[in-house]
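structure_24.txt, holding compact mmCIF, C-alpha atoms:
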# COMPACT_ATOMS: atom_id res chain seq x y z
CA MET A 1 89.24 90.95 126.20
CA LEU A 2 90.25 88.18 123.82
CA LEU A 3 92.95 85.57 124.34
CA ILE A 4 94.58 83.97 121.30
CA GLY A 5 96.39 80.99 122.76
CA ASN A 6 97.39 77.36 122.76
CA GLY A 7 99.79 78.15 119.94
CA ARG A 8 103.48 78.34 119.13
CA LEU A 9 104.04 82.05 119.69
CA ILE A 10 106.69 83.94 117.70
CA THR A 11 106.82 87.45 119.13
CA TRP A 12 109.86 89.05 117.39
CA ASN A 13 110.33 90.54 120.84
CA ASP A 14 113.89 90.23 122.14
CA LYS A 15 112.70 89.72 125.70
CA ALA A 16 110.84 86.53 124.82
CA SER A 17 111.10 85.73 121.14
CA TYR A 18 109.36 82.35 121.32
CA ILE A 19 106.88 80.69 123.68
CA GLU A 20 105.98 77.06 123.02
CA ASP A 21 102.47 77.24 124.48
CA GLY A 22 101.97 80.93 123.92
CA CYS A 23 99.03 83.25 124.25
CA VAL A 24 98.35 86.90 123.36
CA ALA A 25 95.83 89.02 125.26
CA VAL A 26 94.01 91.52 123.05
CA ASP A 27 92.13 94.45 124.54
CA GLY A 28 90.32 96.40 121.84
CA ASN A 29 92.89 97.18 119.16
CA THR A 30 95.90 96.73 121.45
CA ILE A 31 97.98 93.88 122.81
CA ALA A 32 97.46 93.90 126.58
CA GLY A 33 100.03 91.21 127.32
CA PHE A 34 101.46 87.86 126.34
CA GLY A 35 102.84 84.76 127.99
CA THR A 36 101.97 81.11 128.32
CA THR A 37 98.37 80.11 127.83
CA ALA A 38 98.08 79.18 131.49
CA GLU A 39 99.46 82.56 132.58
CA MET A 40 97.12 84.56 130.38
CA LYS A 41 94.06 82.52 131.38
CA ALA A 42 94.91 83.05 135.02
CA GLN A 43 95.37 86.78 134.49
CA TYR A 44 92.21 87.17 132.40
CA PRO A 45 89.83 84.43 133.60
CA ASP A 46 86.75 85.99 131.99
CA ALA A 47 88.28 86.64 128.58
CA GLU A 48 87.01 85.04 125.39
CA PHE A 49 89.43 82.37 124.16
CA TYR A 50 90.46 81.67 120.56
CA ASP A 51 92.18 78.30 120.33
CA ALA A 52 95.11 78.38 117.91
CA ALA A 53 95.26 74.60 118.23
CA HIS A 54 99.06 74.39 118.28
CA ARG A 55 99.41 76.51 115.16
CA VAL A 56 101.92 79.36 114.98
CA ILE A 57 100.84 82.77 116.31
CA MET A 58 102.92 85.73 115.13
CA PRO A 59 102.65 89.44 114.26
CA GLY A 60 101.08 90.45 110.97
CA LEU A 61 103.44 91.20 108.09
CA ILE A 62 104.24 94.57 106.51
CA ASN A 63 104.73 95.14 102.77
CA ALA A 64 106.85 98.28 102.43
CA HIS A 65 106.19 98.82 98.69
CA THR A 66 103.51 97.58 96.32
CA HIS A 67 101.34 98.77 93.41
CA ILE A 68 97.61 98.10 93.64
CA TYR A 69 97.10 99.48 90.14
CA SER A 70 98.95 96.53 88.59
CA SER A 71 96.44 93.98 89.91
CA PHE A 72 94.49 93.60 86.66
CA ALA A 73 97.67 92.78 84.71
CA ARG A 74 97.63 89.20 85.99
CA GLY A 75 97.17 86.96 82.94
CA LEU A 76 96.98 89.95 80.59
CA SER A 77 98.94 89.82 77.35
CA LEU A 78 99.28 93.15 75.55
CA PRO A 79 99.95 93.01 71.81
CA GLN A 80 103.29 94.51 70.77
CA ALA A 81 105.63 94.32 67.81
CA GLN A 82 108.51 92.62 69.60
CA PRO A 83 109.48 91.40 73.07
CA ASN A 84 110.66 93.96 75.60
CA ARG A 85 114.42 94.38 75.46
CA ASP A 86 114.94 96.42 78.62
CA PHE A 87 113.16 97.99 81.57
CA MET A 88 112.22 101.16 79.69
CA GLU A 89 110.36 99.07 77.13
CA VAL A 90 108.61 97.18 79.96
CA LEU A 91 107.36 100.54 81.25
CA GLU A 92 106.34 101.88 77.85
CA ASN A 93 104.80 98.69 76.45
CA GLN A 94 103.06 97.46 79.57
CA TRP A 95 102.69 99.62 82.66
CA TRP A 96 102.26 102.99 80.98
CA ARG A 97 99.64 101.50 78.65
CA ILE A 98 97.81 99.99 81.60
CA ASP A 99 97.77 103.07 83.81
CA LYS A 100 96.29 105.23 81.03
CA VAL A 101 93.16 103.07 80.84
CA LEU A 102 92.35 102.53 84.52
CA ASN A 103 89.12 104.12 85.74
CA ARG A 104 87.54 104.44 89.17
CA GLU A 105 85.93 100.99 89.15
CA ASP A 106 89.19 99.42 88.00
CA ASN A 107 91.02 101.09 90.88
CA LEU A 108 88.33 100.09 93.36
CA TYR A 109 88.36 96.42 92.45
CA SER A 110 92.13 96.31 92.03
CA ALA A 111 92.28 97.49 95.64
CA TYR A 112 89.73 94.91 96.76
CA SER A 113 91.68 92.14 95.00
CA THR A 114 95.06 93.21 96.34
CA GLY A 115 93.69 93.80 99.81
CA LEU A 116 92.03 90.41 100.03
CA GLU A 117 95.13 88.65 98.76
CA SER A 118 97.31 90.52 101.24
CA VAL A 119 95.09 89.47 104.13
CA ARG A 120 95.14 85.86 102.95
CA TYR A 121 98.95 85.94 103.03
CA GLY A 122 99.06 87.45 106.51
CA VAL A 123 99.94 90.98 105.41
CA THR A 124 98.30 93.53 107.69
CA THR A 125 99.96 96.76 106.47
CA ILE A 126 100.88 97.92 102.96
CA PHE A 127 102.64 100.96 101.50
CA ASP A 128 101.03 101.51 98.09
CA HIS A 129 102.11 103.64 95.12
CA GLN A 130 99.24 104.41 92.73
CA ALA A 131 99.12 105.36 89.04
CA SER A 132 96.02 105.79 86.87
CA GLN A 133 96.88 108.70 84.62
CA TYR A 134 93.39 109.46 83.32
CA HIS A 135 91.68 108.85 86.65
CA VAL A 136 93.69 110.93 89.07
CA PRO A 137 91.28 112.94 91.25
CA GLY A 138 89.61 110.58 93.70
CA SER A 139 91.79 107.60 92.83
CA LEU A 140 93.34 107.32 96.30
CA PHE A 141 89.93 107.67 97.87
CA ALA A 142 88.58 104.81 95.72
CA ILE A 143 91.45 102.64 96.96
CA ASP A 144 90.79 103.79 100.51
CA GLU A 145 87.14 102.76 100.16
CA ALA A 146 88.05 99.16 99.32
CA LEU A 147 90.84 98.80 101.87
CA SER A 148 88.65 100.30 104.59
CA ALA A 149 85.88 97.84 103.81
CA ILE A 150 88.36 94.97 104.12
CA GLY A 151 90.08 96.43 107.19
CA LEU A 152 93.65 96.59 105.84
CA ARG A 153 96.13 99.10 107.29
CA ALA A 154 97.77 101.21 104.56
CA SER A 155 99.87 104.16 103.49
CA LEU A 156 98.73 105.54 100.13
CA CYS A 157 100.19 107.92 97.58
CA TYR A 158 99.87 108.79 93.88
CA GLU A 159 102.96 108.83 91.66
CA VAL A 160 103.52 112.29 90.20
CA SER A 161 105.02 112.18 86.70
CA ASP A 162 105.37 114.46 83.68
CA ARG A 163 105.08 111.57 81.25
CA ASP A 164 101.49 112.47 80.32
CA GLY A 165 101.78 116.23 80.60
CA THR A 166 101.88 118.93 83.22
CA ASP A 167 98.09 119.05 83.74
CA ILE A 168 98.02 115.43 84.90
CA ALA A 169 101.12 116.00 87.00
CA GLN A 170 99.39 118.90 88.76
CA LYS A 171 96.29 116.79 89.37
CA ALA A 172 98.52 114.11 90.86
CA ILE A 173 100.09 116.61 93.24
CA GLU A 174 96.64 117.78 94.30
CA GLU A 175 95.43 114.20 94.83
CA ASN A 176 98.41 113.46 97.06
CA ILE A 177 97.85 116.56 99.16
CA ALA A 178 94.11 115.92 99.45
CA TYR A 179 94.75 112.41 100.72
CA ILE A 180 97.62 113.43 103.01
CA ASP A 181 95.33 115.98 104.65
CA TYR A 182 92.47 113.48 104.87
CA ALA A 183 94.65 110.80 106.46
CA ALA A 184 96.15 113.33 108.88
CA GLY A 185 92.69 113.66 110.41
CA ASP A 186 92.53 109.91 111.11
CA ASP A 187 94.11 109.12 114.47
CA SER A 188 93.37 105.38 114.27
CA GLY A 189 96.76 104.53 112.75
CA MET A 190 94.97 102.73 109.92
CA ARG A 191 95.68 105.32 107.21
CA LYS A 192 98.64 107.47 106.27
CA GLY A 193 99.29 109.56 103.19
CA MET A 194 102.59 110.28 101.46
CA LEU A 195 103.51 112.28 98.37
CA GLY A 196 104.27 109.85 95.57
CA LEU A 197 106.86 110.53 92.89
CA HIS A 198 107.36 108.21 89.94
CA ALA A 199 111.10 108.60 89.30
CA SER A 200 113.68 111.25 88.55
CA PHE A 201 113.64 110.63 84.80
CA THR A 202 109.92 111.49 84.46
CA LEU A 203 110.05 114.55 86.72
CA SER A 204 111.11 117.94 85.43
CA PRO A 205 112.81 120.40 87.79
CA GLU A 206 109.62 122.48 87.76
CA THR A 207 107.36 119.56 88.73
CA LEU A 208 109.78 118.33 91.38
CA ALA A 209 109.89 121.83 92.87
CA ALA A 210 106.09 122.01 92.75
CA CYS A 211 105.87 118.78 94.74
CA VAL A 212 108.20 120.10 97.43
CA ASP A 213 106.30 123.38 97.53
CA ALA A 214 102.95 121.57 97.85
CA MET A 215 104.26 119.41 100.67
CA GLY A 216 105.13 122.54 102.62
CA SER A 217 105.31 121.85 106.32
CA ARG A 218 103.17 118.70 106.25
CA GLY A 219 106.15 116.40 106.69
CA ALA A 220 104.29 113.40 105.27
CA GLY A 221 107.31 112.12 103.37
CA TYR A 222 107.87 111.11 99.76
CA HIS A 223 107.56 107.65 98.21
CA VAL A 224 109.79 107.49 95.10
CA HIS A 225 111.45 104.97 92.78
CA VAL A 226 115.22 105.56 92.83
CA ALA A 227 117.58 104.37 90.08
CA GLU A 228 115.54 101.24 89.40
CA GLY A 229 116.70 101.07 85.81
CA ILE A 230 120.01 102.27 84.41
CA GLY A 231 118.09 104.76 82.27
CA ASP A 232 117.10 106.72 85.37
CA LEU A 233 120.78 107.22 86.20
CA TYR A 234 121.78 108.10 82.63
CA ASP A 235 118.95 110.63 82.38
CA SER A 236 119.94 112.37 85.60
CA LEU A 237 123.60 112.55 84.62
CA ALA A 238 122.84 113.83 81.12
CA LYS A 239 120.30 116.46 82.11
CA TYR A 240 121.51 117.61 85.51
CA GLY A 241 125.09 116.40 85.90
CA LYS A 242 124.07 114.55 89.05
CA ARG A 243 123.32 111.01 90.07
CA VAL A 244 119.69 110.26 91.05
CA VAL A 245 120.11 110.37 94.83
CA GLU A 246 122.12 113.58 94.53
CA ARG A 247 119.36 115.21 92.48
CA LEU A 248 116.62 114.17 94.90
CA HIS A 249 118.71 115.38 97.82
CA ASP A 250 119.32 118.78 96.23
CA ALA A 251 115.58 119.07 95.51
CA GLY A 252 114.73 118.56 99.18
CA VAL A 253 113.00 115.21 98.75
CA LEU A 254 115.11 113.02 101.04
CA GLY A 255 114.59 112.73 104.79
CA GLU A 256 113.49 110.52 107.64
CA LYS A 257 109.96 110.00 106.28
CA THR A 258 110.92 109.39 102.65
CA LEU A 259 110.91 105.92 101.12
CA ALA A 260 113.55 105.44 98.40
CA ILE A 261 112.51 102.38 96.41
CA HIS A 262 114.81 99.91 94.58
CA ASN A 263 118.18 101.76 94.58
CA ILE A 264 119.72 99.42 92.03
CA HIS A 265 122.05 101.87 90.31
CA VAL A 266 123.32 103.87 93.28
CA ASN A 267 126.94 104.09 94.37
CA ALA A 268 128.57 104.26 97.78
CA GLY A 269 128.44 108.05 97.83
CA GLU A 270 124.69 108.00 97.22
CA MET A 271 124.26 105.47 99.99
CA ASP A 272 126.11 107.86 102.27
CA ILE A 273 123.60 110.57 101.35
CA LEU A 274 120.70 108.25 102.14
CA LYS A 275 122.28 107.50 105.50
CA ALA A 276 123.13 111.13 106.27
CA THR A 277 119.57 112.26 105.52
CA ASN A 278 118.10 109.30 107.46
CA THR A 279 116.15 108.32 104.34
CA MET A 280 114.51 104.89 104.33
CA ALA A 281 115.00 102.42 101.49
CA VAL A 282 113.04 99.40 100.26
CA HIS A 283 114.37 96.28 98.53
CA ASN A 284 112.15 94.45 95.99
CA PRO A 285 114.14 91.41 94.87
CA GLU A 286 111.53 89.52 92.81
CA SER A 287 110.55 92.57 90.80
CA ASN A 288 114.17 93.51 90.17
CA MET A 289 114.87 90.02 88.86
CA GLY A 290 111.70 89.99 86.76
CA ASN A 291 112.47 93.37 85.18
CA ALA A 292 116.14 92.42 84.70
CA VAL A 293 117.33 95.71 86.20
CA GLY A 294 120.01 94.21 88.43
CA CYS A 295 120.51 93.39 92.09
CA ALA A 296 120.46 96.14 94.71
CA ALA A 297 123.51 96.35 96.96
CA ALA A 298 121.22 95.68 99.90
CA LEU A 299 123.90 94.19 102.14
CA GLN A 300 126.13 97.22 101.61
CA MET A 301 123.23 99.53 102.46
CA LEU A 302 122.59 97.58 105.64
CA ASP A 303 126.28 97.75 106.53
CA LYS A 304 126.10 101.53 106.18
CA GLY A 305 123.22 101.66 108.64
CA ILE A 306 120.50 102.60 106.15
CA LEU A 307 117.02 101.56 107.28
CA LEU A 308 116.28 99.07 104.49
CA GLY A 309 112.91 97.32 104.38
CA LEU A 310 111.39 94.68 102.15
CA GLY A 311 108.62 95.08 99.59
CA THR A 312 107.16 93.20 96.66
CA ASP A 313 106.58 95.91 94.03
CA ALA A 314 103.33 93.96 93.44
CA TYR A 315 105.23 91.04 91.94
CA THR A 316 103.41 89.12 94.67
CA GLN A 317 101.57 90.05 97.87
CA ASP A 318 103.17 87.15 99.74
CA MET A 319 105.90 88.54 101.96
CA PHE A 320 107.06 85.06 102.94
CA GLU A 321 107.79 84.46 99.25
CA SER A 322 109.63 87.77 98.95
CA LEU A 323 111.64 86.87 102.05
CA LYS A 324 112.82 83.64 100.47
CA VAL A 325 113.87 85.34 97.26
CA ALA A 326 115.69 88.11 99.15
CA ASN A 327 117.73 85.42 100.88
CA LEU A 328 118.61 83.74 97.59
CA ILE A 329 119.34 86.69 95.31
CA HIS A 330 122.31 87.93 97.31
CA LYS A 331 123.84 84.48 97.65
CA HIS A 332 123.59 84.09 93.90
CA HIS A 333 124.67 87.62 93.00
CA LEU A 334 127.69 87.64 95.31
CA CYS A 335 128.55 83.96 94.81
CA ASN A 336 128.61 83.64 98.57
CA PRO A 337 126.38 81.05 100.32
CA SER A 338 126.96 82.66 103.71
CA VAL A 339 125.11 85.95 103.13
CA GLY A 340 121.50 87.04 102.80
CA PHE A 341 119.78 84.91 105.43
CA MET A 342 119.73 87.04 108.57
CA GLU A 343 119.79 90.24 106.52
CA SER A 344 116.50 89.24 104.84
CA ILE A 345 114.97 88.29 108.17
CA ALA A 346 115.97 91.70 109.55
CA MET A 347 114.52 93.56 106.56
CA LEU A 348 111.10 91.97 106.92
CA PHE A 349 110.65 91.53 110.64
CA GLN A 350 112.69 94.39 112.12
CA ASN A 351 113.20 97.07 109.49
CA ASN A 352 109.67 97.10 108.08
CA ARG A 353 108.48 97.54 111.65
CA ASP A 354 110.91 100.45 112.12
CA ILE A 355 109.69 102.04 108.88
CA CYS A 356 106.12 101.95 110.19
CA ALA A 357 107.26 103.48 113.48
CA ARG A 358 108.17 106.69 111.63
CA PHE A 359 104.51 107.13 110.69
CA ILE A 360 102.47 105.33 113.35
CA PRO A 361 103.22 105.78 117.07
CA GLN A 362 101.74 102.43 118.10
CA PRO A 363 104.24 99.60 117.42
CA LEU A 364 103.41 97.23 114.56
CA GLY A 365 104.97 93.88 113.64
CA ILE A 366 105.74 92.80 117.20
CA VAL A 367 104.04 91.09 120.12
CA GLU A 368 104.56 93.31 123.13
CA LYS A 369 102.34 95.17 125.57
CA GLY A 370 100.90 98.27 123.93
CA ALA A 371 101.56 97.16 120.35
CA ALA A 372 98.81 97.11 117.76
CA ALA A 373 96.81 93.89 117.73
CA ASP A 374 97.86 92.90 114.19
CA LEU A 375 98.29 89.14 114.45
CA ILE A 376 98.18 86.04 112.27
CA VAL A 377 97.61 82.36 112.98
CA VAL A 378 99.62 80.11 110.69
CA ASP A 379 98.98 76.44 109.93
CA TYR A 380 102.52 75.16 110.31
CA THR A 381 103.56 72.09 112.23
CA PRO A 382 107.35 71.77 112.52
CA HIS A 383 109.06 68.43 112.08
CA THR A 384 112.32 69.72 113.56
CA PRO A 385 112.83 71.61 116.83
CA LEU A 386 111.18 75.03 116.88
CA ASN A 387 112.53 77.34 119.57
CA GLU A 388 114.02 80.80 120.07
CA ASN A 389 117.18 79.72 118.21
CA THR A 390 115.47 78.23 115.16
CA ILE A 391 112.62 80.68 114.49
CA ALA A 392 114.30 82.28 111.48
CA GLY A 393 114.96 78.95 109.76
CA HIS A 394 111.35 77.84 110.13
CA VAL A 395 110.00 81.17 108.89
CA MET A 396 112.39 81.17 105.94
CA PHE A 397 112.09 77.56 104.81
CA GLY A 398 108.82 76.29 106.26
CA ILE A 399 106.09 78.92 106.32
CA MET A 400 104.39 80.24 103.19
CA GLY A 401 101.66 82.81 102.73
CA ARG A 402 99.05 80.17 102.03
CA CYS A 403 99.69 78.68 105.47
CA VAL A 404 97.90 81.64 107.08
CA ASP A 405 94.52 80.65 108.54
CA SER A 406 93.49 83.79 110.42
CA THR A 407 94.45 87.45 110.17
CA MET A 408 93.66 90.06 112.81
CA ILE A 409 94.12 93.77 112.08
CA ASN A 410 93.66 96.47 114.69
CA GLY A 411 92.09 93.98 117.07
CA ARG A 412 89.53 92.61 114.61
CA PHE A 413 89.60 89.31 112.75
CA VAL A 414 89.56 90.27 109.08
CA MET A 415 90.00 86.62 108.13
CA LYS A 416 89.16 83.78 110.50
CA GLU A 417 89.80 80.13 109.67
CA ARG A 418 90.34 81.09 106.00
CA LYS A 419 86.98 82.89 105.77
CA MET A 420 86.86 86.64 105.22
CA GLN A 421 84.91 88.38 107.96
CA THR A 422 84.48 91.91 106.63
CA VAL A 423 83.41 91.55 102.98
CA ASP A 424 81.73 88.93 100.83
CA GLU A 425 84.88 87.64 99.16
CA ALA A 426 83.15 85.54 96.51
CA ALA A 427 80.94 88.45 95.42
CA VAL A 428 83.81 90.93 95.43
CA LEU A 429 86.06 88.68 93.35
CA ALA A 430 83.22 87.94 90.93
CA SER A 431 82.83 91.68 90.40
CA ALA A 432 86.60 92.02 90.05
CA ARG A 433 86.67 89.37 87.32
CA GLN A 434 83.89 91.15 85.46
CA GLN A 435 85.58 94.52 85.84
CA SER A 436 89.01 93.19 84.81
CA ALA A 437 87.53 91.55 81.72
CA ASP A 438 86.09 94.91 80.72
CA PHE A 439 89.44 96.56 81.43
CA TRP A 440 91.24 94.01 79.23
CA LYS A 441 88.95 94.91 76.33
CA ARG A 442 89.69 98.60 76.79
CA VAL A 443 93.45 98.26 77.16
CA THR A 444 93.82 96.00 74.11
CA ALA A 445 91.46 97.94 71.87
Would you put the structure from the file into structure tokens?
Amino acid sequence: MLLIGNGRLITWNDKASYIEDGCVAVDGNTIAGFGTTAEMKAQYPDAEFYDAAHRVIMPGLINAHTHIYSSFARGLSLPQAQPNRDFMEVLENQWWRIDKVLNREDNLYSAYSTGLESVRYGVTTIFDHQASQYHVPGSLFAIDEALSAIGLRASLCYEVSDRDGTDIAQKAIEENIAYIDYAAGDDSGMRKGMLGLHASFTLSPETLAACVDAMGSRGAGYHVHVAEGIGDLYDSLAKYGKRVVERLHDAGVLGEKTLAIHNIHVNAGEMDILKATNTMAVHNPESNMGNAVGCAAALQMLDKGILLGLGTDAYTQDMFESLKVANLIHKHHLCNPSVGFMESIAMLFQNNRDICARFIPQPLGIVEKGAAADLIVVDYTPHTPLNENTIAGHVMFGIMGRCVDSTMINGRFVMKERKMQTVDEAAVLASARQQSADFWKRVTA
């Protein structure tokens, strides 16, 4: 038994959302209880004690959509004739050039780098969407190897696409199914597999049908970009006479375990379909701004009762940063200073938790008895009152990813007092720098 106490405890539990001198009791990989430090010490007198030293204790964060494969793009400048003019050119001139060059070692160290950064920012669970078009078989297992070594909880998939031919698309389907079946045999709650789809505009009817056929009765769910750029919508209308959500619905892709990502160019009718099929959605505000694709109607989706979570699309791994931008983008877009705040808080701290609950029976993202022991200790000392009524304001405007000192996942400290506990971070990052330098030579050759 371990007690993490003497801290300002944010539980995100409605029964007791904040405890000034709070303490969490951890038994194995599960939260056994919580209360004041005095209460927990009295209840568990022989337990080991970790002193949070008045820092904030809170549940680990969940990133509902990211791309490990983009890790080596940081600082990379690819030569091209002219600047990108729209999202399609961003894909063609950057991401689709990158994913054609990635090999197993690139994928491995991209996963190490992303995983370590996630842990440093207090992220304990990620939903990843992989692409490495000429290293498909085994790519998810290479990522799994790195994330398992670190101790990060994850859902993995590979994006099926026809953009590089049907042979690669078939290999992608097979890689998804192989990993889904592998993860299904893991009852730890640390790994889940989904069937990844790139987007409607790169999927032929035949390939989309093959994906649904391969999924069969597995019920793992699909992870798909939906109407991120306007070109996805135009393509679907021109080829099929349907909007993107309508096409995916008719193909049998939507449902309670499917993640529909972005949803920029969807209308009210498509939102109704997402709601009717109980499909989950994920908002990625920083990426949408960076790619100049528009602002998702996130508040409208929430009003319709769609389960809408928050992701980063790998623009960052810092969910506190993404939270802040989600708050701002809707104020700016709607010219209304009174929206976005509580909606963004709900997306990150409630809805991401509810998304995980559709895959993992043990609760994540909350301090309550029986929940997974995914916890972070944050170096944040408030200079204004911190209580159950002001939690959201302090999280939104005070805490940043780099404030995280310790990260526990599944009952184990993966980072403790800013030092990684599971891997040699300096050695791993040195190897990542060497590998990325080699990748840069290959991708710019």
Original post:
Near Arg247 of chain A, counting all atoms listed in the file, which residues have an atom at most 10 Å away, once you skip same-chain residues fewer than 5 positions from it, shown as number ranges by chain?
Top reply: A: 200, 205, 236-237, 240-242, 252-254
Padding 5 Å on each side, edges along x, y and z: where is the centre of the box around the listed atoms of segment 159-176 of chain A, and how long are its edges in Å to one decimal? Output it as lines of an AutoDock Vina configuration file.
center_x = 100.4
center_y = 113.9
center_z = 88.7
size_x = 19.9
size_y = 20.2
size_z = 26.7
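For Val244 of chain A, the set of protein, DNA and RNA residues having any atom at most 9 Å away, when counting only C-alpha atoms and skipping those fewer than 6 positions along the same chain, is Ala199, Ser200, Phe201, Val226, Ala227, Asp232, Leu233, Tyr234, Asp235, Ser236, Leu237, His265, Val266 and Glu270 of chain A.
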Original post:
With all atoms listed in the file as the atoms that count, which of A:Gly221, A:Gly122, A:Pro361, A:Gly115 lies nearest to Ile143 of chain A?
Top reply: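 The shortest atom-to-atom distance to Ile143 of chain A comes from A:Gly115.
Take atom CA of Ala281 of chain A and atom CA of Leu307 of chain A: the distance between them is 6.2 Å.
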What lies within 7 Å of segment 52-57 of chain A using all atoms listed in the file, ignoring chain neighbours under 6 positions off, as a tab-separated table (two decimals) with C-alpha atoms, in the frame of the given file?
chain	number	residue	atom	x	y	z
A	4	ILE	CA	94.58	83.97	121.30
A	5	GLY	CA	96.39	80.99	122.76
A	6	ASN	CA	97.39	77.36	122.76
A	7	GLY	CA	99.79	78.15	119.94
A	8	ARG	CA	103.48	78.34	119.13
A	9	LEU	CA	104.04	82.05	119.69
A	10	ILE	CA	106.69	83.94	117.70
A	376	ILE	CA	98.18	86.04	112.27
A	377	VAL	CA	97.61	82.36	112.98
A	378	VAL	CA	99.62	80.11	110.69
A	379	ASP	CA	98.98	76.44	109.93
A	380	TYR	CA	102.52	75.16	110.31
A	381	THR	CA	103.56	72.09	112.23
Neighbours of Gly165 of chain A within 12 Å (all atoms listed in the file; same-chain residues fewer than 6 positions away dropped), as a PDB file with C-alpha atoms, in the frame of the given file?
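Writing done, so here's part.pdb:
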ATOM      1  CA  GLN A 133      96.880 108.700  84.620  1.00  0.00           C
ATOM      2  CA  TYR A 134      93.390 109.460  83.320  1.00  0.00           C
ATOM      3  CA  LYS A 171      96.290 116.790  89.370  1.00  0.00           C
ATOM      4  CA  ALA A 172      98.520 114.110  90.860  1.00  0.00           C
ATOM      5  CA  THR A 202     109.920 111.490  84.460  1.00  0.00           C
ATOM      6  CA  LEU A 203     110.050 114.550  86.720  1.00  0.00           C
ATOM      7  CA  SER A 204     111.110 117.940  85.430  1.00  0.00           C
ATOM      8  CA  THR A 207     107.360 119.560  88.730  1.00  0.00           C
TER       9      THR A 207
END
**OP:** Compile the contact shell of Leu323 of chain A as a PyMOL selection string: residues with an atom at most 7 Å away, counting only C-alpha atoms, same-chain residues fewer than 3 positions apart removed.
**Re:** chain A and resi 319-320+326-327+344+396
Subject >> Residue nearest Gly311 of chain A among A:Phe439, A:Phe72, A:Tyr50, A:Phe127 (counting all atoms listed in the file) >> reply: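 So, comparing all the options, the nearest one is A:Phe127.
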Original post:
From the set A:Gly151, A:Gly340, A:Pro45, A:Gly196, which residue has the shortest atom-to-atom contact distance to Thr407 of chain A, counting all atoms listed in the file?
Top reply: A:Gly151
**OP:** Select, from A:Ala47, A:Val282, A:Leu375, A:Leu116, the residue with the minimum atom-to-atom distance to Ile150 of chain A, counting all atoms listed in the file.
**Re:**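 When distances to Ile150 of chain A are compared using all atoms listed in the file, the smallest one comes from A:Leu116.
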Atom completion result for segment 299-312 of chain A (N, CA and C atoms) as a compact mmCIF listing (two decimals), in the coordinates of the input:
# COMPACT_ATOMS: atom_id res chain seq x y z
N LEU A 299 123.04 94.49 101.00
CA LEU A 299 123.90 94.19 102.14
C LEU A 299 124.83 95.35 102.44
N GLN A 300 125.28 96.05 101.40
CA GLN A 300 126.13 97.22 101.61
C GLN A 300 125.33 98.34 102.27
N MET A 301 124.07 98.50 101.85
CA MET A 301 123.23 99.53 102.46
C MET A 301 123.01 99.22 103.94
N LEU A 302 122.76 97.96 104.24
CA LEU A 302 122.59 97.58 105.64
C LEU A 302 123.87 97.83 106.44
N ASP A 303 125.00 97.52 105.85
CA ASP A 303 126.28 97.75 106.53
C ASP A 303 126.49 99.24 106.83
N LYS A 304 125.96 100.09 105.98
CA LYS A 304 126.10 101.53 106.18
C LYS A 304 125.09 102.09 107.19
N GLY A 305 124.19 101.22 107.65
CA GLY A 305 123.22 101.66 108.64
C GLY A 305 121.97 102.29 108.06
N ILE A 306 121.73 102.11 106.77
CA ILE A 306 120.50 102.60 106.15
C ILE A 306 119.34 101.71 106.58
N LEU A 307 118.21 102.32 106.92
CA LEU A 307 117.02 101.56 107.28
C LEU A 307 116.42 101.00 105.99
N LEU A 308 116.67 99.73 105.74
CA LEU A 308 116.28 99.07 104.49
C LEU A 308 115.21 98.02 104.76
N GLY A 309 114.01 98.26 104.22
CA GLY A 309 112.91 97.32 104.38
C GLY A 309 112.72 96.45 103.17
N LEU A 310 111.68 95.64 103.21
CA LEU A 310 111.39 94.68 102.15
C LEU A 310 109.99 94.91 101.59
N GLY A 311 109.90 94.94 100.27
CA GLY A 311 108.62 95.08 99.59
C GLY A 311 108.50 94.06 98.48
N THR A 312 107.40 94.15 97.75
CA THR A 312 107.16 93.20 96.66
C THR A 312 107.04 93.87 95.30
